[in-house]
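Reading through the structure tokens given below for one structure.
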Amino acid sequence: MAFGNQGGFQPRKMYQGNWKCSACGADITELPFEPDPARLDQLLCRDCHRARRPQRNRY
Ligand SMILES: [Zn+2]
């Protein structure tokens, strides 16, 4: 039997911390990934991250 995840979505592991967004200066308290210590000054908050992403999907 393979992975049988019943019940759908598992909450993703979030990394708690105390960082600052490099673009807007907002506080970042959790990230969906483990931040690279060498890039702590390049972190983006969720809003900036989304805004910076090229938008490929048009509707
Ligand atoms: Zn930001």
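Chain labels follow the order of the structure tokens: the first chain is A, the next B, and so on; residue numbering restarts at 1 in every chain, and ligands are counted from 1 in their shown order.
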
Contacts of ligand 1, 12 Å or closer, only C-alpha atoms and all ligand atoms, given as a ChimeraX atom specification: /A:19-28,41-52

Restricted to C-alpha atoms, what would the selected residues look like written as an mmCIF file, in the first residue's frame?
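Result went into selection_7.cif, see below:
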```
data_model
loop_
_atom_site.group_PDB
_atom_site.id
_atom_site.type_symbol
_atom_site.label_atom_id
_atom_site.label_comp_id
_atom_site.auth_asym_id
_atom_site.auth_seq_id
_atom_site.Cartn_x
_atom_site.Cartn_y
_atom_site.Cartn_z
ATOM 1 C CA TRP A 19 13.047 38.316 9.983
ATOM 2 C CA LYS A 20 12.497 41.408 7.912
ATOM 3 C CA CYS A 21 11.309 41.718 4.379
ATOM 4 C CA SER A 22 14.107 43.130 2.236
ATOM 5 C CA ALA A 23 11.644 44.958 0.002
ATOM 6 C CA CYS A 24 9.080 46.598 2.262
ATOM 7 C CA GLY A 25 10.606 46.085 5.684
ATOM 8 C CA ALA A 26 7.652 44.206 7.066
ATOM 9 C CA ASP A 27 8.195 41.721 9.830
ATOM 10 C CA ILE A 28 8.259 38.115 8.798
ATOM 11 C CA ASP A 41 18.873 39.937 3.962
ATOM 12 C CA GLN A 42 17.084 38.917 0.804
ATOM 13 C CA LEU A 43 13.951 37.552 2.350
ATOM 14 C CA LEU A 44 10.623 38.701 1.039
ATOM 15 C CA CYS A 45 7.348 38.771 2.844
ATOM 16 C CA ARG A 46 4.457 36.974 1.304
ATOM 17 C CA ASP A 47 3.085 40.050 -0.411
ATOM 18 C CA CYS A 48 6.353 41.071 -1.972
ATOM 19 C CA HIS A 49 7.082 37.536 -2.949
ATOM 20 C CA ARG A 50 3.830 37.331 -4.810
ATOM 21 C CA ALA A 51 4.236 40.745 -6.383
ATOM 22 C CA ARG A 52 7.690 39.942 -7.607
#
```

Give me the residues near Arg12 (chain A) as a list of chain:residue names, where near means some atom within 12 Å (using only C-alpha atoms) and where sequence neighbours in that chain fewer than 5 positions away do not count. A:Glu30, A:Leu31, A:Pro32, A:Phe33

Please, could you write that set of residues out with N, CA and C atoms as an mmCIF file, in the first residue's frame?
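Contents of again-v4.cif, freshly written:
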```
data_model
loop_
_atom_site.group_PDB
_atom_site.id
_atom_site.type_symbol
_atom_site.label_atom_id
_atom_site.label_comp_id
_atom_site.auth_asym_id
_atom_site.auth_seq_id
_atom_site.Cartn_x
_atom_site.Cartn_y
_atom_site.Cartn_z
ATOM 1 N N GLU A 30 7.016 33.927 10.033
ATOM 2 C CA GLU A 30 7.056 32.524 9.659
ATOM 3 C C GLU A 30 7.223 32.375 8.162
ATOM 4 N N LEU A 31 7.881 31.309 7.797
ATOM 5 C CA LEU A 31 8.155 31.052 6.397
ATOM 6 C C LEU A 31 7.813 29.602 6.088
ATOM 7 N N PRO A 32 7.390 29.351 4.882
ATOM 8 C CA PRO A 32 7.068 27.978 4.501
ATOM 9 C C PRO A 32 8.305 27.167 4.163
ATOM 10 N N PHE A 33 9.467 27.765 4.281
ATOM 11 C CA PHE A 33 10.703 27.048 4.015
ATOM 12 C C PHE A 33 11.744 27.497 5.018
#
```

Report, in Å with one decimal, the straight-line distance from CA of Lys13 (chain A) to CA of Arg39 (chain A). 20.1 Å

DSSP helix (DSSP H, G or I) residues within region 8-48 of chain A, listed as a list of chain:residue names: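 Selection result, helix (DSSP H, G or I) within region 8-48 of chain A: A:Pro37, A:Ala38, A:Arg39, A:Leu40, A:Asp41, A:Gln42, A:Arg46, A:Asp47, A:Cys48.
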
What does the distance from CA of Arg53 (chain A) to CA of Gly8 (chain A) come to in Å, to one decimal?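 Answer for the CA of Arg53 (chain A) to CA of Gly8 (chain A) separation: 27.3 Å.
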
Assign secondary structure with DSSP using the backbone only, and return the residues of chain A in strand (DSSP E) as a PyMOL selection string. chain A and resi 15-20+27-31
